[in-house]
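Below is model_29.txt, holding compact mmCIF, C-alpha atoms and all ligand atoms.
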```
# COMPACT_ATOMS: atom_id res chain seq x y z
CA MET A 814 -26.19 -4.33 28.63
CA ALA A 815 -22.42 -4.49 28.11
CA ALA A 816 -20.82 -1.41 26.60
CA PRO A 817 -20.30 -1.90 22.85
CA LEU A 818 -16.83 -2.73 21.68
CA SER A 819 -14.51 0.19 20.94
CA VAL A 820 -13.04 0.58 17.45
CA ALA A 821 -9.56 -0.25 18.77
CA ASP A 822 -10.73 -3.44 20.51
CA ALA A 823 -12.70 -4.48 17.44
CA LEU A 824 -9.67 -3.94 15.21
CA PHE A 825 -7.58 -6.06 17.55
CA ARG A 826 -10.10 -8.88 17.26
CA VAL A 827 -10.22 -8.62 13.49
CA VAL A 828 -6.46 -9.02 13.09
CA GLU A 829 -5.47 -11.12 16.11
CA HIS A 830 -5.76 -14.48 14.30
CA ALA A 831 -4.61 -13.23 10.92
CA ALA A 832 -1.20 -14.76 10.23
CA PRO A 833 0.68 -13.65 7.13
CA LEU A 834 -0.11 -15.88 4.16
CA PRO A 835 2.61 -18.20 2.83
CA GLY A 836 5.36 -16.88 0.59
CA GLU A 837 5.66 -17.30 -3.15
CA SER A 838 8.11 -16.05 -5.73
CA ALA A 839 7.13 -13.00 -7.80
CA PRO A 840 9.15 -11.91 -10.85
CA LEU A 841 10.29 -8.33 -10.38
CA ALA A 842 8.03 -7.05 -13.15
CA GLN A 843 5.05 -8.28 -11.14
CA ALA A 844 6.29 -7.45 -7.66
CA HIS A 845 5.37 -3.77 -7.32
CA GLY A 846 3.31 -3.29 -4.15
CA ARG A 847 3.80 -6.87 -2.99
CA VAL A 848 5.10 -7.47 0.53
CA LEU A 849 8.42 -9.22 1.12
CA ALA A 850 8.11 -12.56 2.91
CA ALA A 851 11.84 -12.76 3.74
CA ASP A 852 14.80 -10.47 4.17
CA LEU A 853 16.60 -9.83 0.91
CA ALA A 854 20.40 -9.80 0.90
CA ALA A 855 22.53 -8.51 -1.96
CA LEU A 856 23.91 -11.33 -4.11
CA ARG A 857 26.74 -9.13 -5.33
CA THR A 858 28.73 -6.03 -4.50
CA GLN A 859 27.77 -2.85 -6.33
CA PRO A 860 29.74 -1.38 -8.02
CA PRO A 861 31.58 -4.68 -8.42
CA ASP A 862 34.89 -2.87 -9.08
CA ASP A 863 36.21 0.68 -8.99
CA LEU A 864 34.52 2.28 -12.01
CA SER A 865 35.00 5.51 -13.87
CA ALA A 866 32.20 8.04 -13.38
CA MET A 867 33.16 9.99 -16.51
CA ASP A 868 34.38 9.67 -20.06
CA GLY A 869 38.07 10.58 -20.07
CA TYR A 870 41.45 9.11 -19.19
CA ALA A 871 42.46 6.84 -16.30
CA VAL A 872 45.86 7.90 -15.02
CA ARG A 873 48.10 7.98 -11.96
CA ALA A 874 47.30 11.08 -9.92
CA ALA A 875 51.03 11.47 -9.29
CA ASP A 876 51.42 12.14 -13.05
CA VAL A 877 48.87 14.96 -13.16
CA THR A 878 49.68 17.12 -10.13
CA ALA A 879 50.06 20.18 -12.39
CA PRO A 880 48.45 21.32 -15.69
CA ASN A 881 49.96 20.37 -19.03
CA ALA A 882 51.01 16.82 -18.09
CA ARG A 883 51.73 14.84 -21.27
CA LEU A 884 51.07 11.06 -21.12
CA THR A 885 51.08 8.09 -23.50
CA VAL A 886 47.77 6.39 -24.21
CA ILE A 887 48.23 2.61 -23.86
CA GLY A 888 44.70 1.28 -24.31
CA GLU A 889 40.95 1.74 -24.13
CA VAL A 890 38.43 0.71 -21.41
CA PRO A 891 34.77 0.78 -22.46
CA ALA A 892 32.12 -0.17 -19.86
CA GLY A 893 31.92 -3.94 -19.50
CA ARG A 894 35.34 -4.63 -21.05
CA PRO A 895 38.07 -4.39 -18.42
CA PHE A 896 41.63 -3.64 -19.52
CA ASP A 897 44.25 -6.33 -18.90
CA GLY A 898 47.30 -4.14 -18.66
CA THR A 899 48.59 -1.81 -15.98
CA VAL A 900 48.79 1.97 -16.29
CA GLY A 901 52.38 2.75 -15.45
CA PRO A 902 54.06 6.10 -14.74
CA GLY A 903 53.68 8.44 -17.73
CA GLU A 904 50.80 6.38 -19.11
CA ALA A 905 47.05 6.85 -19.53
CA ALA A 906 44.15 4.59 -20.58
CA ARG A 907 41.23 5.99 -22.51
CA ILE A 908 38.19 5.18 -20.32
CA PHE A 909 34.42 5.58 -20.62
CA THR A 910 31.71 6.02 -17.97
CA GLY A 911 31.22 2.69 -16.22
CA GLY A 912 34.60 1.33 -17.35
CA VAL A 913 36.61 -0.62 -14.77
CA MET A 914 39.58 1.36 -13.48
CA PRO A 915 42.72 -0.35 -14.81
CA ALA A 916 45.43 -1.47 -12.43
CA GLY A 917 47.83 1.34 -11.64
CA ALA A 918 45.40 4.18 -12.34
CA ASP A 919 43.81 5.99 -9.40
CA THR A 920 42.11 9.00 -10.97
CA VAL A 921 40.18 10.01 -14.07
CA VAL A 922 40.70 13.23 -16.03
CA VAL A 923 37.56 14.16 -17.99
CA GLN A 924 37.99 14.37 -21.75
CA GLU A 925 36.93 18.03 -21.73
CA ASN A 926 40.30 18.72 -20.05
CA ALA A 927 42.31 16.61 -22.49
CA THR A 928 43.84 17.23 -25.91
CA ARG A 929 44.57 14.08 -27.84
CA ASP A 930 47.24 13.79 -30.50
CA GLY A 931 47.71 10.19 -31.71
CA ASP A 932 49.02 8.14 -28.77
CA THR A 933 49.68 11.23 -26.71
CA VAL A 934 47.31 13.12 -24.48
CA VAL A 935 47.91 16.48 -22.79
CA PHE A 936 45.78 17.54 -19.81
CA GLY A 937 44.81 21.17 -19.31
CA ALA A 938 44.20 20.70 -15.57
CA ALA A 939 45.67 18.81 -12.62
CA SER A 940 43.71 16.05 -10.83
CA LEU A 941 43.62 14.47 -7.38
CA PRO A 942 43.56 10.76 -6.45
CA GLY A 943 40.09 9.23 -6.57
CA ARG A 944 38.59 11.97 -8.74
CA HIS A 945 35.67 10.67 -10.86
CA VAL A 946 36.16 7.14 -9.52
CA ARG A 947 33.20 5.21 -8.07
CA ARG A 948 34.68 2.93 -5.44
CA LYS A 949 33.84 -0.77 -5.39
CA GLY A 950 30.96 -1.41 -2.93
CA ARG A 951 30.03 2.28 -2.65
CA ASP A 952 26.36 1.39 -3.20
CA PHE A 953 26.25 -1.92 -1.29
CA ALA A 954 28.27 -5.01 -0.41
CA ALA A 955 27.36 -8.64 -1.14
CA GLY A 956 25.50 -10.16 1.79
CA SER A 957 24.03 -6.88 3.09
CA VAL A 958 20.30 -7.08 3.83
CA LEU A 959 18.89 -4.04 2.08
CA LEU A 960 15.18 -4.91 1.96
CA HIS A 961 13.45 -6.36 4.97
CA ARG A 962 10.60 -8.81 5.44
CA GLY A 963 7.26 -7.00 5.70
CA ARG A 964 8.27 -4.21 3.34
CA LYS A 965 5.76 -3.22 0.70
CA LEU A 966 7.91 -2.99 -2.41
CA THR A 967 8.14 0.41 -4.04
CA MET A 968 9.16 0.86 -7.67
CA ARG A 969 12.59 1.95 -6.43
CA ASP A 970 12.89 -1.25 -4.43
CA LEU A 971 12.39 -3.22 -7.66
CA ALA A 972 15.38 -1.49 -9.23
CA LEU A 973 17.41 -2.12 -6.08
CA ALA A 974 16.43 -5.81 -5.95
CA ALA A 975 17.45 -6.17 -9.60
CA ALA A 976 20.82 -4.51 -8.91
CA MET A 977 21.20 -6.96 -6.00
CA ASN A 978 20.85 -9.62 -8.71
CA HIS A 979 17.43 -11.02 -7.77
CA PRO A 980 15.25 -11.77 -10.83
CA ALA A 981 12.33 -12.56 -8.52
CA VAL A 982 11.51 -11.89 -4.88
CA PRO A 983 9.77 -13.85 -2.11
CA VAL A 984 6.43 -12.21 -1.32
CA HIS A 985 3.38 -13.15 0.70
CA ARG A 986 0.60 -14.64 -1.35
CA ARG A 987 -2.18 -12.18 -2.22
CA PRO A 988 -5.26 -12.62 -0.03
CA ARG A 989 -8.34 -13.86 -1.88
CA VAL A 990 -11.37 -11.82 -0.93
CA GLY A 991 -14.88 -13.02 -1.70
CA LEU A 992 -17.48 -10.25 -1.94
CA LEU A 993 -21.07 -11.19 -1.24
CA ALA A 994 -23.94 -8.71 -1.40
CA THR A 995 -27.28 -9.48 0.20
CA GLY A 996 -30.66 -7.87 -0.32
CA ASP A 997 -33.86 -8.61 -2.25
CA GLU A 998 -33.90 -5.02 -3.40
CA LEU A 999 -30.51 -5.00 -5.13
CA VAL A 1000 -30.06 -5.02 -8.89
CA PRO A 1001 -26.80 -4.55 -10.79
CA PRO A 1002 -26.13 -1.15 -12.35
CA GLY A 1003 -27.32 -0.72 -15.92
CA THR A 1004 -30.61 -2.58 -15.62
CA GLU A 1005 -34.14 -1.15 -15.41
CA PRO A 1006 -34.81 -1.40 -11.66
CA GLY A 1007 -38.38 -2.37 -10.72
CA PRO A 1008 -40.39 -0.65 -7.97
CA GLY A 1009 -38.51 -0.27 -4.70
CA ARG A 1010 -35.32 -1.62 -6.16
CA ILE A 1011 -31.88 -0.19 -5.33
CA VAL A 1012 -28.86 -0.31 -7.58
CA TYR A 1013 -26.07 -2.41 -6.10
CA SER A 1014 -23.17 -0.04 -5.52
CA ASN A 1015 -21.01 -0.65 -2.52
CA GLY A 1016 -19.17 -3.73 -3.79
CA PHE A 1017 -17.53 -1.69 -6.53
CA ALA A 1018 -15.81 0.58 -4.03
CA ILE A 1019 -14.95 -2.23 -1.63
CA GLY A 1020 -13.59 -4.47 -4.39
CA ALA A 1021 -11.39 -1.68 -5.70
CA LEU A 1022 -10.20 -0.92 -2.18
CA ALA A 1023 -9.29 -4.58 -1.61
CA ARG A 1024 -7.40 -4.80 -4.90
CA SER A 1025 -5.57 -1.56 -4.18
CA GLU A 1026 -4.45 -3.24 -0.94
CA GLY A 1027 -2.99 -6.19 -2.81
CA ALA A 1028 -5.92 -8.62 -2.70
CA GLU A 1029 -7.52 -10.65 -5.46
CA THR A 1030 -11.28 -10.32 -5.42
CA LEU A 1031 -13.97 -12.81 -6.25
CA ASP A 1032 -17.49 -11.56 -6.90
CA LEU A 1033 -19.90 -13.94 -5.18
CA GLY A 1034 -22.85 -12.00 -6.52
CA ILE A 1035 -26.02 -10.68 -4.95
CA VAL A 1036 -28.15 -13.08 -2.94
CA PRO A 1037 -31.75 -12.43 -1.97
CA ASP A 1038 -32.74 -12.29 1.70
CA ARG A 1039 -33.21 -16.04 2.02
CA LEU A 1040 -31.37 -18.30 4.40
CA ASP A 1041 -30.85 -21.16 1.93
CA GLU A 1042 -29.44 -18.89 -0.79
CA THR A 1043 -27.21 -17.09 1.68
CA VAL A 1044 -25.90 -20.44 2.97
CA ALA A 1045 -25.29 -21.60 -0.60
CA ALA A 1046 -23.26 -18.45 -1.31
CA ILE A 1047 -21.20 -18.97 1.83
CA ARG A 1048 -20.49 -22.54 0.68
CA ARG A 1049 -19.37 -21.17 -2.67
CA ALA A 1050 -16.94 -18.92 -0.84
CA ARG A 1051 -15.56 -21.93 1.04
CA ALA A 1052 -15.25 -23.98 -2.12
CA GLU A 1053 -13.36 -21.11 -3.75
CA LYS A 1054 -10.96 -21.09 -0.79
CA VAL A 1055 -11.22 -17.41 -0.09
CA ASP A 1056 -9.09 -16.07 2.74
CA VAL A 1057 -11.58 -13.32 3.57
CA LEU A 1058 -15.33 -13.28 3.10
CA VAL A 1059 -16.83 -9.81 3.02
CA THR A 1060 -20.58 -9.60 3.15
CA THR A 1061 -22.56 -6.40 2.79
CA GLY A 1062 -26.04 -5.82 4.10
CA GLY A 1063 -28.25 -8.01 6.24
CA ALA A 1064 -26.11 -7.18 9.26
CA SER A 1065 -28.71 -5.41 11.35
CA VAL A 1066 -31.67 -6.59 13.41
CA GLY A 1067 -34.44 -6.68 10.80
CA ASP A 1068 -36.42 -9.80 9.94
CA TYR A 1069 -34.53 -10.04 6.65
CA ASP A 1070 -31.06 -9.60 8.14
CA LEU A 1071 -29.98 -13.21 7.71
CA VAL A 1072 -26.26 -13.06 7.14
CA GLN A 1073 -25.24 -13.87 10.68
CA LYS A 1074 -27.84 -16.63 10.92
CA ALA A 1075 -26.49 -18.23 7.75
CA LEU A 1076 -22.89 -17.93 8.88
CA ALA A 1077 -23.74 -19.40 12.28
CA ALA A 1078 -25.47 -22.32 10.57
CA GLU A 1079 -22.24 -22.91 8.66
CA GLY A 1080 -20.22 -22.95 11.89
CA MET A 1081 -18.79 -19.44 12.13
CA ALA A 1082 -17.17 -18.52 15.44
CA LEU A 1083 -18.42 -15.00 16.06
CA ALA A 1084 -15.76 -12.54 17.27
CA PHE A 1085 -18.12 -9.59 17.70
CA TRP A 1086 -21.23 -7.94 16.37
CA LYS A 1087 -21.94 -4.22 16.81
CA ILE A 1088 -19.29 -1.74 17.76
CA ALA A 1089 -19.16 1.80 19.10
CA MET A 1090 -18.73 3.66 15.85
CA ARG A 1091 -20.81 5.77 13.48
CA PRO A 1092 -21.41 4.93 10.73
CA GLY A 1093 -20.99 1.17 10.84
CA ARG A 1094 -22.43 0.09 14.17
CA PRO A 1095 -23.74 -3.31 12.99
CA LEU A 1096 -20.27 -4.46 11.89
CA MET A 1097 -19.74 -8.17 12.47
CA SER A 1098 -16.57 -10.25 12.50
CA GLY A 1099 -15.82 -13.92 12.94
CA ARG A 1100 -14.02 -16.94 11.60
CA LEU A 1101 -15.38 -19.71 9.49
CA GLY A 1102 -12.64 -22.33 9.52
CA ASP A 1103 -9.64 -20.55 8.02
CA ILE A 1104 -11.78 -17.81 6.51
CA HIS A 1105 -11.83 -14.37 8.11
CA VAL A 1106 -15.37 -13.06 7.88
CA LEU A 1107 -16.28 -9.38 7.90
CA GLY A 1108 -19.98 -8.62 7.81
CA LEU A 1109 -20.29 -5.02 6.72
CA PRO A 1110 -23.48 -3.02 7.13
CA GLY A 1111 -25.44 -2.47 3.94
CA ASN A 1112 -25.59 1.29 3.88
CA PRO A 1113 -23.03 2.28 1.25
CA VAL A 1114 -21.18 4.79 3.42
CA SER A 1115 -21.14 2.43 6.40
CA SER A 1116 -19.78 -0.40 4.31
CA PHE A 1117 -17.02 1.71 2.78
CA VAL A 1118 -15.98 3.30 6.07
CA THR A 1119 -15.86 -0.06 7.85
CA ALA A 1120 -13.90 -1.55 4.94
CA VAL A 1121 -11.35 1.27 5.19
CA LEU A 1122 -11.03 0.79 8.95
CA PHE A 1123 -11.15 -3.02 9.22
CA LEU A 1124 -10.72 -4.73 5.86
CA VAL A 1125 -7.58 -2.74 4.99
CA PRO A 1126 -5.75 -3.72 8.22
CA LEU A 1127 -6.84 -7.34 7.81
CA LEU A 1128 -5.49 -7.47 4.25
CA ARG A 1129 -2.26 -5.81 5.30
CA ARG A 1130 -1.79 -8.27 8.15
CA LEU A 1131 -2.41 -11.23 5.84
CA GLN A 1132 0.35 -9.87 3.62
CA GLY A 1133 2.78 -9.54 6.50
CA ARG A 1134 2.66 -5.79 6.94
CA ASP A 1135 3.00 -4.03 10.28
CA ASP A 1136 1.57 -0.67 9.20
CA LEU A 1137 -2.00 -1.87 9.41
CA SER A 1138 -4.19 1.22 9.51
CA LEU A 1139 -4.38 4.16 7.15
CA ALA A 1140 -2.54 6.96 8.92
CA ASP A 1141 -4.49 9.83 10.41
CA GLU A 1142 -3.15 13.35 10.41
CA VAL A 1143 -3.69 16.65 12.16
CA ALA A 1144 -6.06 19.12 10.52
CA VAL A 1145 -8.02 22.24 11.32
CA ALA A 1146 -11.78 21.95 11.65
CA GLY A 1147 -13.49 23.93 8.89
CA ALA A 1148 -16.73 24.21 10.92
CA ASP A 1149 -17.86 23.96 14.54
CA LEU A 1150 -17.97 20.35 15.79
CA LYS A 1151 -20.52 19.24 18.38
CA PRO A 1152 -19.49 17.29 21.48
CA ASN A 1153 -19.51 13.58 20.71
CA ASP A 1154 -21.33 10.72 22.42
CA GLU A 1155 -19.83 7.32 23.24
CA ARG A 1156 -19.36 6.20 19.62
CA THR A 1157 -16.34 7.14 17.51
CA ASP A 1158 -17.67 9.28 14.69
CA TYR A 1159 -16.20 9.26 11.21
CA LEU A 1160 -17.51 12.41 9.55
CA ARG A 1161 -17.20 12.64 5.80
CA ALA A 1162 -15.23 15.84 5.24
CA THR A 1163 -13.94 17.86 2.32
CA LEU A 1164 -10.25 18.71 2.54
CA ALA A 1165 -8.58 21.98 1.57
CA SER A 1166 -5.52 24.05 2.48
CA ASP A 1167 -5.78 27.39 4.26
CA PRO A 1168 -3.49 30.35 3.41
CA GLU A 1169 -1.01 29.16 6.06
CA GLY A 1170 -0.84 25.79 4.29
CA ARG A 1171 -2.71 23.90 7.00
CA LEU A 1172 -5.04 21.08 6.12
CA VAL A 1173 -8.68 22.10 6.70
CA ALA A 1174 -11.34 19.40 7.09
CA THR A 1175 -14.96 20.50 6.76
CA PRO A 1176 -17.71 17.94 7.41
CA VAL A 1177 -20.27 17.68 4.61
CA THR A 1178 -23.68 18.94 5.69
CA ASP A 1179 -25.65 15.70 5.41
CA GLN A 1180 -23.92 12.82 7.20
CA ASP A 1181 -26.57 10.18 6.51
CA SER A 1182 -24.90 6.82 5.93
CA SER A 1183 -26.76 6.12 2.69
CA LEU A 1184 -25.36 9.08 0.75
CA LEU A 1185 -22.83 8.35 -1.96
CA ALA A 1186 -22.68 11.81 -3.53
CA PRO A 1187 -21.22 13.46 -0.40
CA LEU A 1188 -18.94 10.45 0.10
CA GLY A 1189 -17.60 11.10 -3.38
CA LEU A 1190 -16.88 14.74 -2.51
CA ALA A 1191 -15.20 13.90 0.78
CA GLY A 1192 -11.43 13.69 0.75
CA GLY A 1193 -11.28 12.24 4.23
CA LEU A 1194 -12.92 11.11 7.43
CA LEU A 1195 -12.82 13.56 10.31
CA VAL A 1196 -12.42 11.35 13.37
CA ARG A 1197 -14.31 12.30 16.52
CA PRO A 1198 -13.23 10.06 19.43
CA PRO A 1199 -15.78 8.97 22.03
CA HIS A 1200 -16.87 11.86 24.26
CA ALA A 1201 -14.76 14.37 22.34
CA PRO A 1202 -15.62 17.90 23.51
CA ALA A 1203 -16.97 20.52 21.12
CA VAL A 1204 -14.43 22.14 18.80
CA THR A 1205 -14.94 25.56 17.26
CA ALA A 1206 -14.06 26.17 13.64
CA GLY A 1207 -10.29 26.66 13.39
CA GLY A 1208 -9.62 24.21 16.24
CA PRO A 1209 -7.60 21.01 15.89
CA CYS A 1210 -8.97 17.69 14.68
CA ARG A 1211 -7.71 14.52 13.04
CA VAL A 1212 -8.49 13.16 9.59
CA ILE A 1213 -7.92 9.94 7.71
CA ARG A 1214 -7.49 10.60 4.01
CA LEU A 1215 -9.69 8.33 1.93
CA PRO A 1216 -7.95 6.30 -0.77
CA ALA A 1217 -8.57 7.54 -4.31
N1 LIG B 1301 -34.05 -1.21 14.29
C1 LIG B 1301 -32.83 -0.96 13.82
N2 LIG B 1301 -32.66 -0.73 12.53
C2 LIG B 1301 -31.44 -0.48 12.04
C3 LIG B 1301 -30.35 -0.44 12.93
C4 LIG B 1301 -30.54 -0.73 14.29
O1 LIG B 1301 -29.59 -0.72 15.09
N3 LIG B 1301 -31.80 -1.00 14.68
N4 LIG B 1301 -29.12 -0.11 12.42
C5 LIG B 1301 -29.15 0.73 11.25
C6 LIG B 1301 -27.82 0.90 10.76
S1 LIG B 1301 -26.77 1.85 11.69
C7 LIG B 1301 -27.41 0.39 9.58
S2 LIG B 1301 -25.85 0.72 9.02
C8 LIG B 1301 -28.25 -0.45 8.79
C9 LIG B 1301 -27.45 -1.68 8.37
O2 LIG B 1301 -28.30 -2.63 8.03
P1 LIG B 1301 -27.96 -3.91 7.22
O3 LIG B 1301 -26.52 -4.22 7.25
O4 LIG B 1301 -28.87 -4.96 7.67
O5 LIG B 1301 -28.23 -3.45 5.76
P2 LIG B 1301 -29.53 -3.59 4.89
O6 LIG B 1301 -30.72 -3.44 5.75
O7 LIG B 1301 -29.39 -4.82 4.11
O8 LIG B 1301 -29.33 -2.35 3.99
C10 LIG B 1301 -29.28 -1.05 4.51
C11 LIG B 1301 -29.46 -0.08 3.34
O9 LIG B 1301 -28.38 -0.19 2.45
C12 LIG B 1301 -28.79 -0.57 1.14
N5 LIG B 1301 -27.84 -1.51 0.61
C13 LIG B 1301 -27.57 -2.72 1.10
N6 LIG B 1301 -26.64 -3.32 0.35
C14 LIG B 1301 -26.33 -2.47 -0.63
C15 LIG B 1301 -25.44 -2.53 -1.72
N7 LIG B 1301 -24.68 -3.61 -1.93
N8 LIG B 1301 -25.36 -1.47 -2.54
C16 LIG B 1301 -26.15 -0.39 -2.33
N9 LIG B 1301 -27.01 -0.29 -1.31
C17 LIG B 1301 -27.10 -1.31 -0.48
C18 LIG B 1301 -30.13 -1.19 1.36
O10 LIG B 1301 -30.92 -1.12 0.22
C19 LIG B 1301 -30.69 -0.41 2.51
O11 LIG B 1301 -31.25 0.79 2.03
O12 LIG B 1301 -29.40 -0.83 9.47
C20 LIG B 1301 -30.07 0.23 10.16
N10 LIG B 1301 -31.28 -0.23 10.72
O1 LIG B 1302 -24.01 2.61 11.31
MO1 LIG B 1302 -25.17 2.74 10.24
O2 LIG B 1302 -23.77 2.29 9.52
O3 LIG B 1302 -24.99 4.30 11.05
O4 LIG B 1302 -25.84 3.66 9.03
```
Produce structure tokens that represent the structure in this file.
Ligand SMILES: Nc1nc2c(c(=O)[nH]1)N[C@H]1C(S)=C(S)[C@@H](COP(=O)(O)OP(=O)(O)OC[C@H]3O[C@@H](n4cnc5c(N)ncnc54)[C@H](O)[C@@H]3O)O[C@H]1N2
Ligand code: MOO
Amino acid sequence: MAAPLSVADALFRVVEHAAPLPGESAPLAQAHGRVLAADLAALRTQPPDDLSAMDGYAVRAADVTAPNARLTVIGEVPAGRPFDGTVGPGEAARIFTGGVMPAGADTVVVQENATRDGDTVVFGAASLPGRHVRRKGRDFAAGSVLLHRGRKLTMRDLALAAAMNHPAVPVHRRPRVGLLATGDELVPPGTEPGPGRIVYSNGFAIGALARSEGAETLDLGIVPDRLDETVAAIRRARAEKVDVLVTTGGASVGDYDLVQKALAAEGMALAFWKIAMRPGRPLMSGRLGDIHVLGLPGNPVSSFVTAVLFLVPLLRRLQGRDDLSLADEVAVAGADLKPNDERTDYLRATLASDPEGRLVATPVTDQDSSLLAPLGLAGGLLVRPPHAPAVTAGGPCRVIRLPA
């Protein structure tokens, strides 16, 4: 039997055919977290002119080289209303923060250092050229590319794009993710489950994860373990033009695990089924026309962990991002770790800081892949690579923080 696919190889196969979705225009107020589909160049220079940084008087520095200079006030320059005249020798213009520096003036004396008497002003202190003046273009020049394609827009980027004079920005379309749960035993939360029934849970975490990664989600419901109903749900997903179809459950080898059979009947090209990880071994991936299919195992922990590791990168790729995976970071093991076998292990671990400020990751005691309560307590996944040797408590390890 061929060795099962490694996590890295599986991830490559999940994203290799995922091209960024087409661009669309998003108004700035709706663009937070969207990913730029094109470079963004400034449409204007900022500041557009030399501006005063203070409320005071715009003067010639040559007139105020010593304290007690006495000048004649020839006009007023509020922000947004430039002054037509020129400040000549012996003259000053009253100016306010953001006002355009009038011709002739090259420095600003703050009003705290000025005594005004009618048209005359006397300065208590000397000033130097350029003092309290914000030079034209100090922030950026027209034509400069300040935000690059592939960037996930932060709230600060929105302010910058606005200052660059863009009311809207080109962003990749949000991926549409269809979520399909399978299993005769599943009932929605809030009902009175009959004997042997299980409350449907995992789609709530996976849906929230997908939306937090910029996707729109479509709930395709729960289908029973029947081929015809599973096929019908897959057809619904196609009719709804989802970009990604995420199924949960029915991924294993049991008589009622029909998801792959139904997808094959609909023409899916299988990329892989089963990979060398724990939890999540029965993960399946393929393509159904333009739809990227991820078949996640039904166990709630397995489905969430595989969604974090594979759905997140797929959604990021579809939105044109290059930072596909959630970053891992160095931590200290909070307990002894056994040597690992050939599968990458993702241990649910609580996270804390030790007195030296180091991140400590302690695996929860029961690592069964059905357990949601420990998953809720875990702040991260402690990653054990294939064949990792034993680590004693206090030794180094790596963790992936789980999204909130
Ligand atoms: N003979 C074997 N049996 C199993 C194997 C195997 O290799 N050989 N793999 C095991 C592993 S590992 C996993 S993971 C599961 C995955 O199985 P399925 O994807 O087919 O999942 P189901 O059998 O449908 O469900 C498993 C478990 O999870 C519950 N479940 C399913 N969907 C949901 C949901 N949406 N919300 C909450 N809980 C859900 C379901 O009731 C089952 O208890 O297979 C092992 N078996
Ligand atoms: O891989 Mo299963 O996901 O171990 O429970």
* **9 Å shell around ligand LIG 1301 (chain B) using all atoms listed in the file, listed as a PyMOL selection string** => chain A and resi 993-1001+1010-1017+1035+1038+1060-1067+1069-1072+1087+1091-1096+1108-1116+1182-1183
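Comparing A:Arg1156, A:His1105, A:Arg1214, A:Arg1171 by their smallest distance to ligand LIG 1302 (chain B), the closest is A:Arg1156 (using only C-alpha atoms and all ligand atoms).
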* To do: Enter the distance from atom CA of Val946 of chain A to atom CA of Val921 of chain A, in Å, rounded to one decimal.
  =>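 Computing the Euclidean distance for atom CA of Val946 of chain A and atom CA of Val921 of chain A yields 6.7 Å.
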* Asked: Could you name the residues that touch Ala938 of chain A at 12 Å or less, counting all atoms listed in the file, but leaving out those on the same chain fewer than 5 positions away, as a PyMOL selection string?
  -> chain A and resi 874+876-883+921-928
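With all atoms listed in the file as the basis for measurement, A:Ala1089 is the residue among A:Ala1089, A:Leu1040, A:Val958, A:Ala1046 that approaches ligand LIG 1302 (chain B) most closely.
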* Asked: For ligand LIG 1302 (chain B), which residue out of A:Thr1163, A:Gln1073, A:Thr1119, A:Thr933 is the nearest one, using only C-alpha atoms and all ligand atoms?
  ->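 Nearest candidate to ligand LIG 1302 (chain B) out of A:Thr1163, A:Gln1073, A:Thr1119, A:Thr933: A:Thr1119.
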